[in-house]
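Inspection log for the structure reproduced underneath, given as structure tokens.
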Amino acid sequence: MNDPVRVRIAPSPTGDPHVGTAYVALMNYAFARKNGGRFILRIEDTDRERSTVTSEAAILDALRWLGLSWDEGPDVGGPCGPYRQSERTALYREHARILVERGAAYPCFCTPEQVAAIRERQRAAKRNKGYDGTCRRVAADEARRRMASDEPHTIRLAMPLDGETTFHDHLRGDVSYANDQMDDQVLLKSDGFPTYHLANVVDDHLMGITHVIRAEEWLNSTPKHVVLYRAFGWKPPVFVHLPLLRNADRSKISKRKNPVSLDFYRRVGILPEAMLNFLALLGHSMPDEREVFTLDDFVREFSFERIHLGGPVFDLDKLLWLNGNYVRAMDPKELARRIRDTVFSLENIEALVPLIRERVDALGEFPEKTWYFTHPKMPLPVQELVGAVQGLAPKDAAKALKAVHEVLNEVPSYDAATLEARMRDLAASLSWKPGDLFMLVRIAATGRRATPPLFETLVAIGRPAVAQRLRAAAEALGQVRGSGERAGR
RNA sequence: GGCCCAUUAGUCUAAUCGGUUAGGACGCAGGCCUCUCAAGCCUGUGGAACGGGUUCGAAUCCCGUAUGGGCCA
């Protein structure tokens with residue numbers, strides 16, 4: 001008699017909806033459905049600086065688009081609400097208090113400066129722990145008095161000083177960590193907000209989560225969580241750490257190196273069925289080696305036994321191939337409706353009309369003038385790029401494009417005015433004529449020499465797609481032989 | 001730097017307990033089909049990180065090394 005399965009995903013609303021979130025959501029969803037359990041959506045918005053309601057809405061919307069429906073969440077409610085951590089802070093404070101009472105945690109009065117100094121010393125002494133436990137030695141009644149007088153403090157976990165903590169990962173077996181290697185993790189920040197570790201454990205317990213299915217990046221913090229479960233006297237859930245999606249260079253998937261926004265894939269016309277199917281192929285395989293299947297098929301065959309632990313590279317080519325399968329198999333009327341709702345949506349067209357109306361006589365010219373705005377993998381005219389600026393060495397052009405890519409990723413606000421200002425600065429620092437740089441970027445981002453004003457165009461194409469094209473262009477140019485030798489014909 | 005996880009072609013992966021000519025898919029190349037281009041079909045390309053063991057026999061089990069990654073600092 002096992003407890004009924006309850007699983008969750010816990011995204012942080014700090015940006016565009018991420019493919020990694022969709023991946024973990026899919027696996028949780030499949031496990032829940034397969035076992036007749038409940039799939040819960042919890043919003044981890046305890047980072048007050050970075051969390052936004054816009055991002056939360058976008059994440060919910062993207063998951064709905066994929067069809068990964070949840071049984072409990074901030075929008076649909078449920079018996080364990082609220083499902084937004086920012087609305088549960090009283091619970092975390094109460095639980096932190098319990099831990100302090102039991103001696104499993106302690107208040108730390110060190111200022112940020114003191115903590116930094118301690119870290120510095122620890123590093124100099126080649127110790128691994130960041131914090132040396134100074135405040136752990138503050139006597140209990142003194143600590144109480146200082147807390148009562150509102151002295152700013154955090155609450156830290158009192159990690160066991162010796163021995164090791166072992167837990168069982170369902171996919172990897174027993175994993176052990178030496179306790180003296182582990183930091184006294186901050187559980188409650190001085191502003192009274194919890195850190196991930198506390199909030200996560202408290203919520204997982206209070207929400208009756210039976211299986212924590214999450215990405216591998218959390219494996220190393222699991223022993224701290226286990227220590228917390230023990231301190232509370234709670235039964236820990238089953239831990240399942242999924243492999244991490246990777247960039248082509250095998251680093252953890254990131255927007256610097258890959259389009260990771262679900263909104264990007266939606267906008268260029270990836271069908272949700274294809275996206276799910278593709279994600280299901282990463283790290284999991286069907287018993288009969290089928291590669292094209294529905295979500296229901298996946299749920300039916302899903303098994304942890306069939307998960308492969310090597311971190312899979314997110315390969316756009318295979319996604320596009322899969323998507324083509326769905327496009328061709330779809331009822332034409334349905335397909336037409338999908339096109340109208342995505343790439344030809346009124347919203348998309350309205351965004352583009354101001355940019356091209358002066359360049360069009362008859363409306364029929366519209367598609368030709370705008371195709372590159374939504375193309376998922378625009379063919380790059382390498383020769384055009386090489387010839388973009390006279391006397392330009394491909395190597396230098398590649399370098400410039402990489403610099404533009406950097407700028408693009410760093411601008412706080414992705415709008416035309418900001419982009420222009422930053423790119424003029426960049427041109428100056430490279431000692432390039434602005435026009436030369438702009439032409440190079442124009443060709444890389446649009447494949448054409450003649451376009452609407454560059455910065456408005458870059459905004460309309462969208463940051464993920466522009467980033468991807470600049471990256472591809474820089475790479476293509478990097479492979480072209482130097483300017484002296486004629487580049488391949 | 002410390003700890004932890006992983007490792008089958010360029011990429012995603014299969015092979016229930018060790019015995020297979022290491023299978024499939026994407027990509028790439030060629031061909032067929034065809035008014036073109038796609039699609040579809042066919043063919044080809046290319047792989048066990050390395051070194052030791054255990055065993056009659058190792059991709060598979062064990063140890064070490066290397067490499068990749070993550071987390072902490």
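Each chain in the structure tokens gets a letter, A, B, ..., in the order shown, and its residues are numbered from 1; ligands are numbered from 1 in order too.
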Quiz prompt | Spatial neighbours of G40 of chain B, 12 Å, only C-alpha atoms (C1' of nucleotides), chain gap at least 6 places, as a PyMOL selection string | solution = (chain A and resi 325+328) or (chain B and resi 32-34)
If you run DSSP on this backbone, which residues of segment 274-379 of chain A come out as helix (DSSP H, G or I), and could you give them as an mmCIF file with N, CA and C atoms, in the first residue's frame?
data_model
loop_
_atom_site.group_PDB
_atom_site.id
_atom_site.type_symbol
_atom_site.label_atom_id
_atom_site.label_comp_id
_atom_site.auth_asym_id
_atom_site.auth_seq_id
_atom_site.Cartn_x
_atom_site.Cartn_y
_atom_site.Cartn_z
ATOM 1 N N ALA A 274 4.892 17.919 -31.430
ATOM 2 C CA ALA A 274 6.249 17.606 -31.854
ATOM 3 C C ALA A 274 7.245 17.932 -30.735
ATOM 4 N N MET A 275 7.010 19.039 -30.060
ATOM 5 C CA MET A 275 7.909 19.416 -28.970
ATOM 6 C C MET A 275 7.887 18.349 -27.871
ATOM 7 N N LEU A 276 6.693 17.912 -27.508
ATOM 8 C CA LEU A 276 6.583 16.881 -26.471
ATOM 9 C C LEU A 276 7.253 15.590 -26.920
ATOM 10 N N ASN A 277 6.977 15.215 -28.152
ATOM 11 C CA ASN A 277 7.541 13.991 -28.707
ATOM 12 C C ASN A 277 9.072 14.064 -28.682
ATOM 13 N N PHE A 278 9.573 15.222 -29.058
ATOM 14 C CA PHE A 278 11.025 15.409 -29.083
ATOM 15 C C PHE A 278 11.624 15.302 -27.675
ATOM 16 N N LEU A 279 10.998 15.990 -26.729
ATOM 17 C CA LEU A 279 11.507 15.954 -25.361
ATOM 18 C C LEU A 279 11.449 14.533 -24.801
ATOM 19 N N ALA A 280 10.418 13.805 -25.206
ATOM 20 C CA ALA A 280 10.254 12.444 -24.714
ATOM 21 C C ALA A 280 11.361 11.524 -25.230
ATOM 22 N N LEU A 281 11.980 11.935 -26.327
ATOM 23 C CA LEU A 281 13.047 11.139 -26.927
ATOM 24 C C LEU A 281 14.394 11.384 -26.247
ATOM 25 N N LEU A 295 1.491 11.831 -26.858
ATOM 26 C CA LEU A 295 1.672 11.965 -25.422
ATOM 27 C C LEU A 295 1.057 10.776 -24.684
ATOM 28 N N ASP A 296 -0.106 10.342 -25.133
ATOM 29 C CA ASP A 296 -0.760 9.201 -24.490
ATOM 30 C C ASP A 296 0.083 7.932 -24.611
ATOM 31 N N ASP A 297 0.671 7.749 -25.787
ATOM 32 C CA ASP A 297 1.562 6.587 -25.971
ATOM 33 C C ASP A 297 2.726 6.668 -24.995
ATOM 34 N N PHE A 298 3.259 7.855 -24.868
ATOM 35 C CA PHE A 298 4.400 8.042 -23.979
ATOM 36 C C PHE A 298 4.017 7.699 -22.546
ATOM 37 N N VAL A 299 2.881 8.211 -22.131
ATOM 38 C CA VAL A 299 2.417 7.939 -20.766
ATOM 39 C C VAL A 299 2.280 6.433 -20.556
ATOM 40 N N ARG A 300 1.739 5.759 -21.545
ATOM 41 C CA ARG A 300 1.513 4.324 -21.430
ATOM 42 C C ARG A 300 2.825 3.569 -21.241
ATOM 43 N N GLU A 301 3.861 3.995 -21.933
ATOM 44 C CA GLU A 301 5.121 3.249 -21.917
ATOM 45 C C GLU A 301 6.155 3.822 -20.956
ATOM 46 N N PHE A 304 10.853 4.670 -15.453
ATOM 47 C CA PHE A 304 12.170 5.135 -15.027
ATOM 48 C C PHE A 304 13.255 4.178 -15.511
ATOM 49 N N GLU A 305 12.869 2.906 -15.672
ATOM 50 C CA GLU A 305 13.838 1.918 -16.138
ATOM 51 C C GLU A 305 14.398 2.289 -17.507
ATOM 52 N N ARG A 306 13.618 3.044 -18.246
ATOM 53 C CA ARG A 306 14.021 3.338 -19.619
ATOM 54 C C ARG A 306 14.699 4.695 -19.755
ATOM 55 N N LEU A 316 18.227 20.802 -32.659
ATOM 56 C CA LEU A 316 17.166 21.468 -33.417
ATOM 57 C C LEU A 316 16.806 20.722 -34.698
ATOM 58 N N ASP A 317 17.777 20.111 -35.357
ATOM 59 C CA ASP A 317 17.504 19.400 -36.606
ATOM 60 C C ASP A 317 16.514 18.267 -36.405
ATOM 61 N N LYS A 318 16.704 17.540 -35.343
ATOM 62 C CA LYS A 318 15.810 16.415 -35.116
ATOM 63 C C LYS A 318 14.413 16.900 -34.731
ATOM 64 N N LEU A 319 14.365 17.980 -33.991
ATOM 65 C CA LEU A 319 13.070 18.575 -33.638
ATOM 66 C C LEU A 319 12.326 18.979 -34.916
ATOM 67 N N LEU A 320 13.042 19.599 -35.837
ATOM 68 C CA LEU A 320 12.410 20.046 -37.079
ATOM 69 C C LEU A 320 11.941 18.852 -37.905
ATOM 70 N N TRP A 321 12.728 17.822 -37.941
ATOM 71 C CA TRP A 321 12.338 16.612 -38.674
ATOM 72 C C TRP A 321 11.038 16.037 -38.092
ATOM 73 N N LEU A 322 11.016 15.946 -36.765
ATOM 74 C CA LEU A 322 9.818 15.439 -36.098
ATOM 75 C C LEU A 322 8.616 16.327 -36.401
ATOM 76 N N ASN A 323 8.843 17.614 -36.308
ATOM 77 C CA ASN A 323 7.755 18.547 -36.548
ATOM 78 C C ASN A 323 7.197 18.368 -37.953
ATOM 79 N N GLY A 324 8.091 18.164 -38.916
ATOM 80 C CA GLY A 324 7.664 17.923 -40.294
ATOM 81 C C GLY A 324 6.758 16.712 -40.385
ATOM 82 N N ASN A 325 7.064 15.699 -39.625
ATOM 83 C CA ASN A 325 6.196 14.515 -39.601
ATOM 84 C C ASN A 325 4.777 14.878 -39.175
ATOM 85 N N TYR A 326 4.693 15.694 -38.145
ATOM 86 C CA TYR A 326 3.373 16.079 -37.653
ATOM 87 C C TYR A 326 2.654 16.989 -38.642
ATOM 88 N N VAL A 327 3.407 17.880 -39.243
ATOM 89 C CA VAL A 327 2.816 18.788 -40.222
ATOM 90 C C VAL A 327 2.200 17.988 -41.367
ATOM 91 N N ARG A 328 2.921 17.019 -41.856
ATOM 92 C CA ARG A 328 2.465 16.271 -43.018
ATOM 93 C C ARG A 328 1.331 15.311 -42.689
ATOM 94 N N ALA A 329 1.290 14.876 -41.451
ATOM 95 C CA ALA A 329 0.257 13.910 -41.076
ATOM 96 C C ALA A 329 -1.051 14.609 -40.680
ATOM 97 N N PRO A 332 -5.527 18.751 -43.227
ATOM 98 C CA PRO A 332 -5.206 20.060 -43.817
ATOM 99 C C PRO A 332 -5.959 21.220 -43.165
ATOM 100 N N LYS A 333 -7.196 20.989 -42.838
ATOM 101 C CA LYS A 333 -7.957 22.075 -42.218
ATOM 102 C C LYS A 333 -7.390 22.440 -40.854
ATOM 103 N N GLU A 334 -7.038 21.406 -40.128
ATOM 104 C CA GLU A 334 -6.454 21.639 -38.820
ATOM 105 C C GLU A 334 -5.111 22.355 -38.962
ATOM 106 N N LEU A 335 -4.341 21.913 -39.938
ATOM 107 C CA LEU A 335 -3.041 22.535 -40.162
ATOM 108 C C LEU A 335 -3.203 24.011 -40.516
ATOM 109 N N ALA A 336 -4.174 24.282 -41.372
ATOM 110 C CA ALA A 336 -4.427 25.676 -41.774
ATOM 111 C C ALA A 336 -4.761 26.511 -40.538
ATOM 112 N N ARG A 337 -5.560 25.936 -39.677
ATOM 113 C CA ARG A 337 -5.938 26.661 -38.465
ATOM 114 C C ARG A 337 -4.706 26.934 -37.597
ATOM 115 N N ARG A 338 -3.833 25.946 -37.514
ATOM 116 C CA ARG A 338 -2.615 26.124 -36.703
ATOM 117 C C ARG A 338 -1.736 27.237 -37.274
ATOM 118 N N ILE A 339 -1.625 27.257 -38.590
ATOM 119 C CA ILE A 339 -0.784 28.290 -39.212
ATOM 120 C C ILE A 339 -1.382 29.661 -38.927
ATOM 121 N N ARG A 340 -2.700 29.736 -39.077
ATOM 122 C CA ARG A 340 -3.378 31.011 -38.832
ATOM 123 C C ARG A 340 -3.206 31.451 -37.376
ATOM 124 N N ASP A 341 -3.159 30.504 -36.470
ATOM 125 C CA ASP A 341 -3.039 30.867 -35.056
ATOM 126 C C ASP A 341 -1.605 31.108 -34.598
ATOM 127 N N LEU A 346 -2.842 37.209 -36.067
ATOM 128 C CA LEU A 346 -3.067 38.651 -36.175
ATOM 129 C C LEU A 346 -1.997 39.400 -35.383
ATOM 130 N N GLU A 347 -1.668 38.840 -34.245
ATOM 131 C CA GLU A 347 -0.655 39.453 -33.394
ATOM 132 C C GLU A 347 0.689 39.573 -34.128
ATOM 133 N N ASN A 348 1.104 38.493 -34.770
ATOM 134 C CA ASN A 348 2.354 38.527 -35.528
ATOM 135 C C ASN A 348 2.288 39.542 -36.656
ATOM 136 N N ILE A 349 1.191 39.496 -37.385
ATOM 137 C CA ILE A 349 1.076 40.370 -38.543
ATOM 138 C C ILE A 349 1.054 41.828 -38.104
ATOM 139 N N GLU A 350 0.347 42.090 -37.047
ATOM 140 C CA GLU A 350 0.290 43.469 -36.550
ATOM 141 C C GLU A 350 1.669 43.983 -36.152
ATOM 142 N N ALA A 351 2.479 43.083 -35.660
ATOM 143 C CA ALA A 351 3.819 43.507 -35.265
ATOM 144 C C ALA A 351 4.668 43.841 -36.492
ATOM 145 N N LEU A 352 4.382 43.184 -37.592
ATOM 146 C CA LEU A 352 5.223 43.357 -38.773
ATOM 147 C C LEU A 352 4.747 44.464 -39.708
ATOM 148 N N VAL A 353 3.465 44.715 -39.709
ATOM 149 C CA VAL A 353 2.917 45.691 -40.650
ATOM 150 C C VAL A 353 3.619 47.051 -40.604
ATOM 151 N N PRO A 354 3.856 47.594 -39.434
ATOM 152 C CA PRO A 354 4.512 48.911 -39.413
ATOM 153 C C PRO A 354 5.887 48.885 -40.065
ATOM 154 N N LEU A 355 6.515 47.737 -40.029
ATOM 155 C CA LEU A 355 7.865 47.665 -40.565
ATOM 156 C C LEU A 355 7.906 47.561 -42.084
ATOM 157 N N ILE A 356 6.872 46.977 -42.685
ATOM 158 C CA ILE A 356 7.005 46.717 -44.122
ATOM 159 C C ILE A 356 5.971 47.418 -44.998
ATOM 160 N N ARG A 357 5.026 48.127 -44.401
ATOM 161 C CA ARG A 357 3.970 48.706 -45.239
ATOM 162 C C ARG A 357 4.530 49.660 -46.299
ATOM 163 N N GLU A 358 5.627 50.356 -45.970
ATOM 164 C CA GLU A 358 6.188 51.291 -46.941
ATOM 165 C C GLU A 358 6.957 50.580 -48.038
ATOM 166 N N ARG A 359 7.158 49.286 -47.861
ATOM 167 C CA ARG A 359 7.956 48.550 -48.829
ATOM 168 C C ARG A 359 7.112 47.609 -49.671
ATOM 169 N N LEU A 363 -0.771 43.765 -51.260
ATOM 170 C CA LEU A 363 -0.680 42.995 -50.026
ATOM 171 C C LEU A 363 -0.018 41.628 -50.230
ATOM 172 N N GLY A 364 -0.129 41.146 -51.449
ATOM 173 C CA GLY A 364 0.448 39.841 -51.743
ATOM 174 C C GLY A 364 1.959 39.801 -51.612
ATOM 175 N N GLU A 365 2.561 40.969 -51.532
ATOM 176 C CA GLU A 365 4.012 40.998 -51.378
ATOM 177 C C GLU A 365 4.423 40.782 -49.920
ATOM 178 N N PHE A 366 3.443 40.822 -49.073
ATOM 179 C CA PHE A 366 3.729 40.742 -47.641
ATOM 180 C C PHE A 366 4.520 39.504 -47.213
ATOM 181 N N PRO A 367 4.056 38.309 -47.618
ATOM 182 C CA PRO A 367 4.786 37.115 -47.148
ATOM 183 C C PRO A 367 6.250 37.123 -47.565
ATOM 184 N N GLU A 368 6.499 37.531 -48.797
ATOM 185 C CA GLU A 368 7.869 37.535 -49.286
ATOM 186 C C GLU A 368 8.744 38.482 -48.474
ATOM 187 N N LYS A 369 8.156 39.574 -48.025
ATOM 188 C CA LYS A 369 8.935 40.570 -47.293
ATOM 189 C C LYS A 369 9.144 40.187 -45.830
ATOM 190 N N THR A 370 8.438 39.180 -45.369
ATOM 191 C CA THR A 370 8.486 38.911 -43.930
ATOM 192 C C THR A 370 8.889 37.485 -43.563
ATOM 193 N N TRP A 371 9.184 36.685 -44.561
ATOM 194 C CA TRP A 371 9.400 35.262 -44.259
ATOM 195 C C TRP A 371 10.477 35.034 -43.200
ATOM 196 N N TYR A 372 11.485 35.857 -43.223
ATOM 197 C CA TYR A 372 12.617 35.578 -42.331
ATOM 198 C C TYR A 372 12.317 35.912 -40.873
ATOM 199 N N PHE A 373 11.230 36.602 -40.640
ATOM 200 C CA PHE A 373 10.922 36.953 -39.253
ATOM 201 C C PHE A 373 10.612 35.724 -38.398
ATOM 202 N N THR A 374 10.009 34.731 -38.995
ATOM 203 C CA THR A 374 9.590 33.570 -38.204
ATOM 204 C C THR A 374 10.253 32.267 -38.635
#
Practice problem: Compute the chain A side of the contact with chain B at 9 Å, counting only C-alpha atoms (C1' of nucleotides), and hand it back as a ChimeraX atom specification. | Solution: /A:119,123,126-130,172,175-178,181-183,216-221,243-244,248,250-252,281-285,287-291,308-315,317-319,321,328
For the selection you just gave me, I'd like the residues written to a file as a CSV table (one decimal), in the first residue's frame, keeping N, CA and C atoms.
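File produced: result37.csv:
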chain,number,residue,atom,x,y,z
A,119,ARG,N,34.5,33.6,4.2
A,119,ARG,CA,34.7,32.8,3.0
A,119,ARG,C,36.2,33.0,2.5
A,123,ARG,N,38.8,30.0,2.1
A,123,ARG,CA,39.5,29.7,0.8
A,123,ARG,C,41.0,29.7,0.9
A,126,LYS,N,42.2,26.8,2.2
A,126,LYS,CA,41.8,25.6,1.3
A,126,LYS,C,40.8,24.7,1.9
A,127,ARG,N,39.8,25.3,2.7
A,127,ARG,CA,38.7,24.5,3.2
A,127,ARG,C,37.6,24.6,2.2
A,128,ASN,N,36.8,23.6,2.2
A,128,ASN,CA,35.7,23.6,1.2
A,128,ASN,C,34.4,24.3,1.7
A,129,LYS,N,34.2,24.3,3.0
A,129,LYS,CA,33.0,25.0,3.5
A,129,LYS,C,33.2,26.5,3.3
A,130,GLY,N,32.1,27.1,2.9
A,130,GLY,CA,32.1,28.6,2.7
A,130,GLY,C,32.0,29.3,4.1
A,172,ARG,N,20.2,6.3,-9.8
A,172,ARG,CA,21.6,6.2,-9.6
A,172,ARG,C,22.0,5.4,-8.4
A,175,VAL,N,23.9,7.4,-3.0
A,175,VAL,CA,24.9,8.5,-3.1
A,175,VAL,C,25.2,9.0,-1.8
A,176,SER,N,26.5,9.1,-1.5
A,176,SER,CA,27.0,9.6,-0.2
A,176,SER,C,27.8,10.8,-0.2
A,177,TYR,N,27.6,11.6,0.8
A,177,TYR,CA,28.4,12.9,0.9
A,177,TYR,C,29.0,13.0,2.4
A,178,ALA,N,30.2,13.4,2.5
A,178,ALA,CA,30.8,13.6,3.8
A,178,ALA,C,30.2,14.9,4.4
A,181,GLN,N,32.1,18.2,4.7
A,181,GLN,CA,32.3,19.0,3.4
A,181,GLN,C,31.2,20.0,3.2
A,182,MET,N,30.1,19.8,3.9
A,182,MET,CA,28.9,20.6,3.5
A,182,MET,C,28.7,21.8,4.4
A,183,ASP,N,28.4,22.9,3.7
A,183,ASP,CA,28.1,24.2,4.3
A,183,ASP,C,26.9,24.2,5.2
A,216,GLU,N,19.2,17.0,-12.7
A,216,GLU,CA,20.4,16.6,-12.0
A,216,GLU,C,21.1,17.7,-11.3
A,217,GLU,N,20.9,18.9,-11.7
A,217,GLU,CA,21.6,20.0,-11.0
A,217,GLU,C,21.3,20.1,-9.5
A,218,TRP,N,20.2,19.4,-9.1
A,218,TRP,CA,19.9,19.5,-7.7
A,218,TRP,C,20.4,18.3,-6.9
A,219,LEU,N,21.1,17.4,-7.6
A,219,LEU,CA,21.6,16.2,-6.9
A,219,LEU,C,22.5,16.6,-5.7
A,220,ASN,N,23.4,17.5,-5.8
A,220,ASN,CA,24.3,17.9,-4.8
A,220,ASN,C,23.6,18.6,-3.6
A,221,SER,N,22.4,19.1,-3.8
A,221,SER,CA,21.8,19.7,-2.6
A,221,SER,C,20.9,18.7,-1.9
A,243,PRO,N,18.6,13.5,-16.2
A,243,PRO,CA,19.8,14.1,-16.8
A,243,PRO,C,19.5,15.5,-17.3
A,244,LEU,N,20.5,16.3,-17.4
A,244,LEU,CA,20.4,17.7,-17.8
A,244,LEU,C,20.4,17.9,-19.3
A,248,ALA,N,25.1,22.2,-27.7
A,248,ALA,CA,25.9,21.4,-28.6
A,248,ALA,C,27.2,21.1,-28.0
A,250,ARG,N,27.8,20.6,-24.9
A,250,ARG,CA,27.6,19.7,-23.8
A,250,ARG,C,27.5,20.4,-22.5
A,251,SER,N,27.6,21.7,-22.5
A,251,SER,CA,27.3,22.4,-21.2
A,251,SER,C,25.8,22.4,-21.0
A,252,LYS,N,25.5,22.7,-19.8
A,252,LYS,CA,24.0,22.8,-19.4
A,252,LYS,C,23.3,23.8,-20.4
A,281,LEU,N,12.0,11.9,-26.3
A,281,LEU,CA,13.0,11.1,-26.9
A,281,LEU,C,14.4,11.4,-26.2
A,282,LEU,N,14.5,12.5,-25.5
A,282,LEU,CA,15.7,12.8,-24.8
A,282,LEU,C,15.8,12.0,-23.5
A,283,GLY,N,16.7,11.1,-23.5
A,283,GLY,CA,16.9,10.3,-22.3
A,283,GLY,C,16.0,9.2,-22.0
A,284,HIS,N,14.9,9.1,-22.8
A,284,HIS,CA,14.0,8.0,-22.6
A,284,HIS,C,13.7,7.4,-24.0
A,285,SER,N,13.5,6.1,-24.0
A,285,SER,CA,13.2,5.4,-25.3
A,285,SER,C,12.0,4.5,-25.1
A,287,PRO,N,10.0,1.0,-25.7
A,287,PRO,CA,10.4,-0.4,-25.8
A,287,PRO,C,10.6,-0.9,-27.2
A,288,ASP,N,9.7,-0.5,-28.1
A,288,ASP,CA,9.9,-1.0,-29.5
A,288,ASP,C,10.7,0.0,-30.4
A,289,GLU,N,11.3,1.0,-29.7
A,289,GLU,CA,12.2,1.9,-30.4
A,289,GLU,C,11.4,2.9,-31.3
A,290,ARG,N,10.1,3.0,-31.2
A,290,ARG,CA,9.3,4.0,-31.9
A,290,ARG,C,9.9,5.3,-31.6
A,291,GLU,N,9.8,6.2,-32.6
A,291,GLU,CA,10.3,7.6,-32.3
A,291,GLU,C,9.2,8.6,-32.5
A,308,HIS,N,17.9,7.0,-19.7
A,308,HIS,CA,19.4,6.9,-19.9
A,308,HIS,C,20.0,8.2,-19.3
A,309,LEU,N,21.1,8.0,-18.6
A,309,LEU,CA,21.6,9.1,-17.7
A,309,LEU,C,22.5,10.1,-18.4
A,310,GLY,N,23.0,9.8,-19.6
A,310,GLY,CA,23.9,10.7,-20.3
A,310,GLY,C,23.1,12.0,-20.6
A,311,GLY,N,23.7,13.1,-20.4
A,311,GLY,CA,23.0,14.4,-20.7
A,311,GLY,C,22.8,14.6,-22.2
A,312,PRO,N,21.5,14.6,-22.7
A,312,PRO,CA,21.3,14.7,-24.1
A,312,PRO,C,21.4,16.1,-24.7
A,313,VAL,N,22.0,16.2,-25.9
A,313,VAL,CA,22.1,17.5,-26.5
A,313,VAL,C,20.8,17.8,-27.2
A,314,PHE,N,20.3,19.0,-27.1
A,314,PHE,CA,19.1,19.5,-27.6
A,314,PHE,C,19.4,19.8,-29.1
A,315,ASP,N,18.9,18.9,-30.0
A,315,ASP,CA,19.2,19.0,-31.4
A,315,ASP,C,18.1,19.5,-32.3
A,317,ASP,N,17.8,20.1,-35.4
A,317,ASP,CA,17.5,19.4,-36.6
A,317,ASP,C,16.5,18.3,-36.4
A,318,LYS,N,16.7,17.5,-35.3
A,318,LYS,CA,15.8,16.4,-35.1
A,318,LYS,C,14.4,16.9,-34.7
A,319,LEU,N,14.4,18.0,-34.0
A,319,LEU,CA,13.1,18.6,-33.6
A,319,LEU,C,12.3,19.0,-34.9
A,321,TRP,N,12.7,17.8,-37.9
A,321,TRP,CA,12.3,16.6,-38.7
A,321,TRP,C,11.0,16.0,-38.1
A,328,ARG,N,2.9,17.0,-41.9
A,328,ARG,CA,2.5,16.3,-43.0
A,328,ARG,C,1.3,15.3,-42.7
Quiz item: What lies within 8 Å of segment 160-170 of chain A using only C-alpha atoms (C1' of nucleotides), ignoring chain neighbours under 5 positions off, as a list in words?
Solution: Val175, Ser176, Tyr177, Ala178, Asn179, Asp180, Thr222, Pro223, Val226, Val227, Val238, Phe239, Val240 and His241 of chain A
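Proximity to A66 of chain B at 12 Å, evaluated using only C-alpha atoms (C1' of nucleotides) and with sequence-adjacent residues fewer than 4 positions away removed, yields U7, A49, C50 and G51 of chain B.
The list of residues with at least one atom within 7 Å of Ala32 of chain A, based on only C-alpha atoms (C1' of nucleotides) and without residues fewer than 5 positions apart in the same chain, reads Val5, Arg6, Val7, Gly37, Arg38 and Phe39 of chain A.
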Practice problem: Quick one: pick out all strand (DSSP E or B) residues within segment 49-282 of chain A from a backbone DSSP run and write them as a PyMOL selection string. | Solution: chain A and resi 72-73+77+84+105-108+154-157+164-169+173-178+186-188+194+211-215+238-242+246+252+261
Quiz item: Which polymer residues have any atom within 8 Å of an atom of Val260 of chain A, counting only C-alpha atoms (C1' of nucleotides), with same-chain residues fewer than 6 positions away left out, as JSON, numbers by chain?
Solution: {"A": [18, 19, 20, 253, 254, 464]}
Quick one: write out the picked residues with C-alpha atoms as a short mmCIF file (atom, residue, chain, number, x, y, z; two decimals), in the first residue's frame?
data_model
loop_
_atom_site.label_atom_id
_atom_site.label_comp_id
_atom_site.auth_asym_id
_atom_site.auth_seq_id
_atom_site.Cartn_x
_atom_site.Cartn_y
_atom_site.Cartn_z
CA HIS A 18 12.19 27.26 -20.55
CA VAL A 19 12.48 23.99 -22.48
CA GLY A 20 14.11 22.47 -19.41
CA ILE A 253 21.51 24.15 -21.88
CA SER A 254 21.45 27.93 -21.83
CA PRO A 464 16.25 34.10 -29.26
#
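Our summary of the geometry notes that atom CA of Pro82 of chain A is positioned 28.5 Å from atom CA of Met147 of chain A.
Distances here use only C-alpha atoms; by that measure, the residue among A:Val411, A:Ala400, A:Ile59, A:Leu41 closest to Gly81 of chain A is A:Leu41.
Proximity to Thr418 of chain A was assessed for A:Glu384, A:Glu151, A:Ile118, A:Phe455 counting only C-alpha atoms; the smallest distance is recorded for A:Phe455.
Among A:Glu273, A:Ala62, A:Lys402, A:Ala362, the residue with the shortest atom-to-atom distance to Phe293 of chain A, counting only C-alpha atoms, is A:Glu273.
The space separating atom CA of Lys399 of chain A from atom CA of Ala427 of chain A comes to 12.1 Å.
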